[in-house]
$ cat structure_3.txt   # compact mmCIF, N, CA and C atoms
# COMPACT_ATOMS: atom_id res chain seq x y z
N MET A 398 13.54 25.97 0.17
CA MET A 398 14.26 27.21 0.05
C MET A 398 15.15 27.16 -1.19
N ALA A 399 15.20 28.25 -1.91
CA ALA A 399 16.01 28.34 -3.12
C ALA A 399 17.49 28.25 -2.78
N SER A 400 18.24 27.52 -3.62
CA SER A 400 19.68 27.40 -3.39
C SER A 400 20.40 27.12 -4.69
N PHE A 401 21.70 27.34 -4.68
CA PHE A 401 22.57 27.02 -5.80
C PHE A 401 23.77 26.30 -5.22
N ASN A 402 24.00 25.07 -5.66
CA ASN A 402 25.05 24.22 -5.11
C ASN A 402 24.88 24.03 -3.61
N GLY A 403 23.64 23.99 -3.14
CA GLY A 403 23.35 23.77 -1.73
C GLY A 403 23.44 25.00 -0.85
N SER A 404 23.76 26.16 -1.43
CA SER A 404 23.90 27.39 -0.64
C SER A 404 22.81 28.39 -1.00
N ASN A 405 22.25 29.04 0.02
CA ASN A 405 21.27 30.10 -0.23
C ASN A 405 22.04 31.38 -0.53
N ILE A 406 22.34 31.59 -1.80
CA ILE A 406 23.12 32.77 -2.19
C ILE A 406 22.22 33.92 -2.64
N PHE A 407 20.90 33.73 -2.61
CA PHE A 407 19.99 34.71 -3.18
C PHE A 407 19.48 35.74 -2.20
N GLY A 408 19.73 35.57 -0.92
CA GLY A 408 19.27 36.53 0.08
C GLY A 408 17.79 36.39 0.38
N ARG A 409 17.14 37.54 0.59
CA ARG A 409 15.72 37.57 0.97
C ARG A 409 14.85 37.95 -0.22
N ALA A 410 13.54 37.74 -0.05
CA ALA A 410 12.55 38.13 -1.07
C ALA A 410 12.90 37.57 -2.44
N VAL A 411 13.19 36.28 -2.49
CA VAL A 411 13.63 35.64 -3.72
C VAL A 411 12.44 35.33 -4.63
N THR A 412 12.57 35.69 -5.88
CA THR A 412 11.60 35.27 -6.90
C THR A 412 12.37 34.59 -8.02
N MET A 413 11.76 33.54 -8.57
CA MET A 413 12.39 32.79 -9.67
C MET A 413 11.35 32.51 -10.73
N VAL A 414 11.79 32.61 -11.96
CA VAL A 414 10.95 32.26 -13.10
C VAL A 414 11.73 31.26 -13.94
N SER A 415 11.20 30.04 -14.05
CA SER A 415 11.80 29.00 -14.87
C SER A 415 10.78 28.55 -15.91
N PRO A 416 10.80 29.17 -17.09
CA PRO A 416 9.85 28.75 -18.11
C PRO A 416 10.14 27.32 -18.57
N PRO A 417 9.17 26.69 -19.21
CA PRO A 417 9.40 25.33 -19.69
C PRO A 417 10.63 25.27 -20.60
N ILE A 418 11.39 24.20 -20.47
CA ILE A 418 12.59 24.04 -21.29
C ILE A 418 12.17 23.70 -22.72
N PRO A 419 12.67 24.46 -23.70
CA PRO A 419 12.25 24.24 -25.08
C PRO A 419 12.79 22.93 -25.66
N VAL A 420 12.01 22.36 -26.56
CA VAL A 420 12.40 21.16 -27.29
C VAL A 420 12.66 21.56 -28.74
N GLU A 421 13.82 21.18 -29.23
CA GLU A 421 14.18 21.49 -30.62
C GLU A 421 13.48 20.51 -31.55
N ARG A 422 13.01 21.00 -32.68
CA ARG A 422 12.35 20.16 -33.67
C ARG A 422 12.93 20.43 -35.05
N GLN A 423 12.95 19.40 -35.85
CA GLN A 423 13.33 19.54 -37.26
C GLN A 423 12.11 19.21 -38.10
N GLU A 424 11.75 20.12 -38.97
CA GLU A 424 10.59 19.93 -39.85
C GLU A 424 11.08 19.62 -41.26
N ASN A 425 10.57 18.54 -41.84
CA ASN A 425 10.97 18.13 -43.19
C ASN A 425 9.74 18.03 -44.08
N THR A 426 9.86 18.47 -45.30
CA THR A 426 8.82 18.26 -46.31
C THR A 426 9.46 17.62 -47.53
N PHE A 427 8.65 16.89 -48.28
CA PHE A 427 9.16 16.16 -49.43
C PHE A 427 8.25 16.43 -50.64
N PRO A 428 8.84 16.63 -51.81
CA PRO A 428 8.02 16.89 -53.00
C PRO A 428 7.07 15.73 -53.29
N GLY A 429 5.83 16.07 -53.59
CA GLY A 429 4.83 15.07 -53.96
C GLY A 429 4.24 14.31 -52.79
N VAL A 430 4.60 14.65 -51.56
CA VAL A 430 4.07 13.96 -50.38
C VAL A 430 3.36 15.00 -49.51
N ASN A 431 2.11 14.70 -49.16
CA ASN A 431 1.37 15.60 -48.27
C ASN A 431 1.87 15.49 -46.84
N GLY A 432 1.78 16.60 -46.13
CA GLY A 432 2.12 16.60 -44.71
C GLY A 432 3.55 17.05 -44.44
N VAL A 433 3.88 16.98 -43.17
CA VAL A 433 5.19 17.42 -42.69
C VAL A 433 5.73 16.35 -41.76
N GLU A 434 7.00 16.04 -41.91
CA GLU A 434 7.66 15.15 -40.97
C GLU A 434 8.26 16.03 -39.87
N SER A 435 7.97 15.71 -38.62
CA SER A 435 8.48 16.50 -37.50
C SER A 435 9.29 15.58 -36.60
N LEU A 436 10.57 15.88 -36.47
CA LEU A 436 11.48 15.06 -35.67
C LEU A 436 11.81 15.81 -34.37
N THR A 437 11.69 15.13 -33.25
CA THR A 437 12.07 15.72 -31.97
C THR A 437 13.57 15.56 -31.81
N MET A 438 14.27 16.68 -31.58
CA MET A 438 15.73 16.68 -31.50
C MET A 438 16.24 16.80 -30.06
N GLY A 439 15.34 16.76 -29.08
CA GLY A 439 15.76 16.83 -27.68
C GLY A 439 15.68 18.24 -27.13
N THR A 440 15.88 18.35 -25.82
CA THR A 440 15.81 19.66 -25.17
C THR A 440 17.09 20.45 -25.43
N ARG A 441 16.98 21.75 -25.35
CA ARG A 441 18.11 22.64 -25.60
C ARG A 441 18.40 23.54 -24.41
N GLY A 442 18.04 23.10 -23.24
CA GLY A 442 18.30 23.90 -22.05
C GLY A 442 17.31 25.05 -21.95
N GLY A 443 17.32 25.72 -20.86
CA GLY A 443 16.42 26.84 -20.64
C GLY A 443 17.12 27.88 -19.78
N VAL A 444 16.37 28.85 -19.32
CA VAL A 444 16.92 29.94 -18.54
C VAL A 444 16.04 30.16 -17.32
N THR A 445 16.66 30.39 -16.17
CA THR A 445 15.94 30.78 -14.97
C THR A 445 16.39 32.19 -14.59
N GLU A 446 15.43 33.07 -14.40
CA GLU A 446 15.69 34.44 -13.95
C GLU A 446 15.40 34.51 -12.46
N VAL A 447 16.34 35.05 -11.69
CA VAL A 447 16.21 35.13 -10.24
C VAL A 447 16.39 36.58 -9.80
N SER A 448 15.59 37.00 -8.84
CA SER A 448 15.83 38.30 -8.21
C SER A 448 15.72 38.11 -6.70
N GLY A 449 16.48 38.92 -5.98
CA GLY A 449 16.48 38.81 -4.54
C GLY A 449 17.07 40.06 -3.91
N LEU A 450 17.23 40.01 -2.62
CA LEU A 450 17.77 41.13 -1.85
C LEU A 450 18.90 40.59 -0.99
N LEU A 451 20.13 40.91 -1.36
CA LEU A 451 21.28 40.47 -0.57
C LEU A 451 21.41 41.38 0.64
N VAL A 452 21.71 40.80 1.79
CA VAL A 452 21.82 41.57 3.03
C VAL A 452 23.10 41.20 3.77
N GLY A 453 23.57 42.14 4.56
CA GLY A 453 24.73 41.91 5.42
C GLY A 453 24.69 42.86 6.60
N ALA A 454 25.13 42.40 7.75
CA ALA A 454 25.13 43.26 8.94
C ALA A 454 26.06 44.45 8.76
N SER A 455 27.09 44.27 7.93
CA SER A 455 28.03 45.35 7.63
C SER A 455 28.25 45.38 6.12
N SER A 456 28.92 46.40 5.65
CA SER A 456 29.21 46.46 4.22
C SER A 456 30.14 45.31 3.82
N ALA A 457 31.02 44.89 4.72
CA ALA A 457 31.91 43.75 4.44
C ALA A 457 31.10 42.45 4.31
N ASP A 458 30.07 42.28 5.14
CA ASP A 458 29.21 41.10 5.04
C ASP A 458 28.45 41.10 3.72
N LEU A 459 27.98 42.26 3.28
CA LEU A 459 27.29 42.36 2.00
C LEU A 459 28.25 42.02 0.86
N LYS A 460 29.47 42.49 0.94
CA LYS A 460 30.47 42.18 -0.09
C LYS A 460 30.73 40.67 -0.14
N THR A 461 30.78 40.02 1.00
CA THR A 461 30.98 38.56 1.04
C THR A 461 29.83 37.85 0.33
N ALA A 462 28.61 38.31 0.56
CA ALA A 462 27.45 37.72 -0.12
C ALA A 462 27.53 37.92 -1.63
N GLU A 463 27.97 39.10 -2.06
CA GLU A 463 28.10 39.36 -3.50
C GLU A 463 29.25 38.58 -4.11
N ASP A 464 30.30 38.35 -3.35
CA ASP A 464 31.44 37.59 -3.85
C ASP A 464 31.08 36.15 -4.19
N ALA A 465 30.04 35.60 -3.54
CA ALA A 465 29.59 34.25 -3.89
C ALA A 465 29.18 34.21 -5.35
N PHE A 466 28.54 35.26 -5.83
CA PHE A 466 28.18 35.33 -7.25
C PHE A 466 29.41 35.61 -8.11
N ARG A 467 30.18 36.61 -7.74
CA ARG A 467 31.27 37.10 -8.60
C ARG A 467 32.44 36.13 -8.72
N THR A 468 32.80 35.46 -7.66
CA THR A 468 34.00 34.62 -7.69
C THR A 468 33.71 33.13 -7.53
N THR A 469 32.88 32.78 -6.57
CA THR A 469 32.65 31.36 -6.30
C THR A 469 31.89 30.66 -7.41
N TYR A 470 30.81 31.28 -7.92
CA TYR A 470 29.96 30.59 -8.89
C TYR A 470 30.07 31.09 -10.32
N ASN A 471 30.80 32.16 -10.56
CA ASN A 471 30.98 32.64 -11.93
C ASN A 471 32.24 31.99 -12.52
N ASN A 472 32.23 30.66 -12.56
CA ASN A 472 33.42 29.91 -12.95
C ASN A 472 33.17 28.95 -14.12
N GLY A 473 31.99 28.99 -14.71
CA GLY A 473 31.70 28.11 -15.84
C GLY A 473 31.39 26.68 -15.47
N GLN A 474 31.28 26.39 -14.18
CA GLN A 474 30.97 25.04 -13.73
C GLN A 474 29.48 24.88 -13.48
N PRO A 475 28.89 23.75 -13.87
CA PRO A 475 27.46 23.54 -13.59
C PRO A 475 27.24 23.05 -12.16
N TYR A 476 26.14 23.51 -11.59
CA TYR A 476 25.74 23.12 -10.23
C TYR A 476 24.25 22.80 -10.24
N THR A 477 23.73 22.37 -9.10
CA THR A 477 22.30 22.11 -8.96
C THR A 477 21.62 23.37 -8.44
N LEU A 478 20.57 23.78 -9.13
CA LEU A 478 19.75 24.93 -8.74
C LEU A 478 18.44 24.39 -8.20
N VAL A 479 18.06 24.82 -7.00
CA VAL A 479 16.76 24.46 -6.42
C VAL A 479 15.92 25.72 -6.45
N ASP A 480 14.75 25.65 -7.09
CA ASP A 480 13.91 26.84 -7.22
C ASP A 480 13.03 27.03 -5.98
N THR A 481 12.23 28.06 -6.00
CA THR A 481 11.41 28.41 -4.84
C THR A 481 10.28 27.41 -4.59
N PHE A 482 10.03 26.51 -5.54
CA PHE A 482 9.03 25.46 -5.36
C PHE A 482 9.66 24.15 -4.90
N GLY A 483 10.99 24.14 -4.74
CA GLY A 483 11.69 22.94 -4.31
C GLY A 483 12.10 22.02 -5.43
N THR A 484 11.93 22.44 -6.69
CA THR A 484 12.35 21.63 -7.83
C THR A 484 13.85 21.75 -8.02
N SER A 485 14.53 20.61 -8.15
CA SER A 485 15.97 20.61 -8.38
C SER A 485 16.26 20.52 -9.87
N TRP A 486 17.12 21.40 -10.33
CA TRP A 486 17.56 21.43 -11.73
C TRP A 486 19.07 21.16 -11.72
N THR A 487 19.49 20.07 -12.34
CA THR A 487 20.91 19.74 -12.39
C THR A 487 21.56 20.42 -13.59
N ASP A 488 22.86 20.51 -13.56
CA ASP A 488 23.66 21.06 -14.66
C ASP A 488 23.21 22.46 -15.06
N VAL A 489 23.33 23.39 -14.13
CA VAL A 489 22.92 24.78 -14.34
C VAL A 489 24.14 25.69 -14.11
N LEU A 490 24.34 26.63 -15.02
CA LEU A 490 25.44 27.59 -14.93
C LEU A 490 24.93 28.96 -14.54
N LEU A 491 25.72 29.69 -13.75
CA LEU A 491 25.45 31.10 -13.53
C LEU A 491 25.89 31.83 -14.79
N GLU A 492 24.95 32.47 -15.46
CA GLU A 492 25.25 33.18 -16.71
C GLU A 492 25.58 34.65 -16.45
N SER A 493 24.83 35.29 -15.55
CA SER A 493 25.10 36.69 -15.24
C SER A 493 24.59 37.04 -13.85
N TYR A 494 25.24 38.01 -13.25
CA TYR A 494 24.85 38.56 -11.95
C TYR A 494 24.78 40.06 -12.10
N ASN A 495 23.65 40.65 -11.70
CA ASN A 495 23.42 42.09 -11.90
C ASN A 495 22.97 42.74 -10.60
N PRO A 496 23.89 43.33 -9.85
CA PRO A 496 23.49 44.04 -8.63
C PRO A 496 22.89 45.40 -8.97
N ALA A 497 21.98 45.86 -8.15
CA ALA A 497 21.44 47.20 -8.31
C ALA A 497 22.55 48.21 -8.01
N PRO A 498 22.47 49.39 -8.59
CA PRO A 498 23.54 50.35 -8.36
C PRO A 498 23.59 50.91 -6.94
N ARG A 499 22.51 50.83 -6.22
CA ARG A 499 22.43 51.48 -4.92
C ARG A 499 22.40 50.46 -3.77
N VAL A 500 23.21 50.72 -2.75
CA VAL A 500 23.17 49.95 -1.50
C VAL A 500 22.35 50.75 -0.51
N ARG A 501 21.43 50.08 0.18
CA ARG A 501 20.59 50.75 1.17
C ARG A 501 20.94 50.23 2.56
N ARG A 502 20.69 51.08 3.54
CA ARG A 502 20.90 50.67 4.92
C ARG A 502 19.54 50.58 5.59
N ASP A 503 19.28 49.42 6.19
CA ASP A 503 18.00 49.13 6.83
C ASP A 503 18.25 48.89 8.32
N GLN A 504 17.34 49.36 9.17
CA GLN A 504 17.49 49.20 10.61
C GLN A 504 17.45 47.73 11.04
N THR A 505 16.66 46.92 10.32
CA THR A 505 16.50 45.51 10.68
C THR A 505 17.58 44.63 10.08
N TYR A 506 17.84 44.77 8.77
CA TYR A 506 18.73 43.84 8.07
C TYR A 506 20.15 44.35 7.88
N GLY A 507 20.38 45.62 8.05
CA GLY A 507 21.72 46.17 7.83
C GLY A 507 21.85 46.68 6.40
N TYR A 508 22.92 46.31 5.73
CA TYR A 508 23.18 46.76 4.36
C TYR A 508 22.47 45.83 3.38
N CYS A 509 21.76 46.43 2.43
CA CYS A 509 20.94 45.66 1.50
C CYS A 509 21.19 46.13 0.06
N ARG A 510 21.18 45.19 -0.87
CA ARG A 510 21.27 45.53 -2.28
C ARG A 510 20.41 44.55 -3.07
N ALA A 511 19.50 45.09 -3.87
CA ALA A 511 18.70 44.25 -4.76
C ALA A 511 19.62 43.72 -5.86
N CYS A 512 19.33 42.51 -6.32
CA CYS A 512 20.13 41.93 -7.38
C CYS A 512 19.28 41.01 -8.23
N SER A 513 19.79 40.70 -9.40
CA SER A 513 19.16 39.70 -10.25
C SER A 513 20.27 38.84 -10.85
N ALA A 514 19.90 37.65 -11.23
CA ALA A 514 20.87 36.72 -11.83
C ALA A 514 20.15 35.90 -12.88
N ARG A 515 20.92 35.44 -13.82
CA ARG A 515 20.40 34.61 -14.92
C ARG A 515 21.18 33.31 -14.92
N PHE A 516 20.44 32.20 -14.93
CA PHE A 516 21.05 30.88 -14.91
C PHE A 516 20.67 30.12 -16.18
N ARG A 517 21.65 29.44 -16.76
CA ARG A 517 21.45 28.69 -18.01
C ARG A 517 21.42 27.21 -17.70
N HIS A 518 20.33 26.55 -18.08
CA HIS A 518 20.20 25.11 -17.93
C HIS A 518 20.87 24.42 -19.12
N LEU A 519 21.75 23.50 -18.84
CA LEU A 519 22.44 22.81 -19.92
C LEU A 519 21.64 21.63 -20.45
N ILE A 520 20.77 21.06 -19.61
CA ILE A 520 19.92 19.96 -20.07
C ILE A 520 18.48 20.23 -19.68
$ encode --input "structure_3.txt" --output "structure tokens"
Amino acid sequence: MASFNGSNIFGRAVTMVSPPIPVERQENTFPGVNGVESLTMGTRGGVTEVSGLLVGASSADLKTAEDAFRTTYNNGQPYTLVDTFGTSWTDVLLESYNPAPRVRRDQTYGYCRACSARFRHLI
């Protein structure tokens, strides 16, 4: 199950996209020498895009779920992100949280709001 700092803050219907983390390279050429020197400079972090559906039995419960993004994790501190495949990514920051403008009321789940978030991998 997807989680951030051990908590399932993403709600239901979670999708995550974690593209391969890019590797920085330095390319050097020298006069009179054929070819290119390519130096590996290490990884430069990556980005994970997450979307989900936050739910709450009441509007106050939905607000509590949203507050996990707005106050608890929007603090510049890195945490461990576990994706939907069970892969753990250490040193990940919450970069942005984007709730949908509309809150819906569902007979089964109560108050629902679609949301997306962007996480920045530091390593």
$ residues_around --input "structure_3.txt" --residues "Leu478 in chain A" --least-positions-apart "5" --cutoff "6 Å" --atoms "only N, CA and C atoms" --output "number ranges by chain"
A: 400-402, 484-489
$ atom_distance --input "structure_3.txt" --atom1 "CA of Thr437 in chain A" --atom2 "CA of Ile520 in chain A"
14.9 Å
$ residues_around --input "structure_3.txt" --residues "Val447 in chain A" --least-positions-apart "2" --cutoff "7 Å" --atoms "only C-alpha atoms" --output "PyMOL selection string"
chain A and resi 412-414+445+449+513-515
$ select_by_dssp --input "structure_3.txt" --residues "chain A" --states "helix (DSSP H, G or I)" --output "list in words"
Ser456, Ala457, Asp458, Leu459, Lys460, Thr461, Ala462, Glu463, Asp464, Ala465, Phe466, Arg467, Thr468 and Thr469 of chain A
$ atom_distance --input "structure_3.txt" --atom1 "CA of Gln423 in chain A" --atom2 "CA of Leu436 in chain A"
5.1 Å
$ atom_distance --input "structure_3.txt" --atom1 "atom C of Ser493 in chain A" --atom2 "CA of Phe466 in chain A"
7.7 Å
$ select_by_dssp --input "structure_3.txt" --residues "range 445-484 of chain A" --states "strand (DSSP E)" --output "VMD selection string"
chain A and resid 445 to 453 476 to 479
$ residues_around --input "structure_3.txt" --residues "Ala457 in chain A" --least-positions-apart "6" --cutoff "12 Å" --atoms "only C-alpha atoms" --output "PyMOL selection string"
chain A and resi 463-464+507-509
$ write_last_selection --input "structure_3.txt" --atoms "N, CA and C atoms" --output "short mmCIF file (atom, residue, chain, number, x, y, z; two decimals), in the coordinates of the input"
data_model
loop_
_atom_site.label_atom_id
_atom_site.label_comp_id
_atom_site.auth_asym_id
_atom_site.auth_seq_id
_atom_site.Cartn_x
_atom_site.Cartn_y
_atom_site.Cartn_z
N GLU A 463 27.97 39.10 -2.06
CA GLU A 463 28.10 39.36 -3.50
C GLU A 463 29.25 38.58 -4.11
N ASP A 464 30.30 38.35 -3.35
CA ASP A 464 31.44 37.59 -3.85
C ASP A 464 31.08 36.15 -4.19
N GLY A 507 20.38 45.62 8.05
CA GLY A 507 21.72 46.17 7.83
C GLY A 507 21.85 46.68 6.40
N TYR A 508 22.92 46.31 5.73
CA TYR A 508 23.18 46.76 4.36
C TYR A 508 22.47 45.83 3.38
N CYS A 509 21.76 46.43 2.43
CA CYS A 509 20.94 45.66 1.50
C CYS A 509 21.19 46.13 0.06
#
$ residues_around --input "structure_3.txt" --residues "Arg409 in chain A" --least-positions-apart "4" --cutoff "12 Å" --atoms "only C-alpha atoms" --output "ChimeraX atom specification"
/A:398-400,405,447-453,462,481,506,509-513
$ residues_near_point --input "structure_3.txt" --point "(15.8, 17.8, -29.6)" --cutoff "8 Å" --atoms "all atoms listed in the file" --output "PyMOL selection string"
chain A and resi 419-423+436-441
$ closest_residue --input "structure_3.txt" --among "A:Thr505, A:Ser435, A:Asn495, A:Gln474" --to "Leu519 in chain A" --atoms "only C-alpha atoms"
A:Gln474
$ axis_aligned_box --input "structure_3.txt" --around "range 467-473 of chain A" --padding-each-side "6 Å" --output "lines of an AutoDock Vina configuration file"
center_x = 32.0
center_y = 31.9
center_z = -11.1
size_x = 16.0
size_y = 22.4
size_z = 21.5
$ closest_residue --input "structure_3.txt" --among "A:Ile418, A:Val430, A:Val479, A:Leu490" --to "Gly442 in chain A" --atoms "only N, CA and C atoms"
A:Ile418
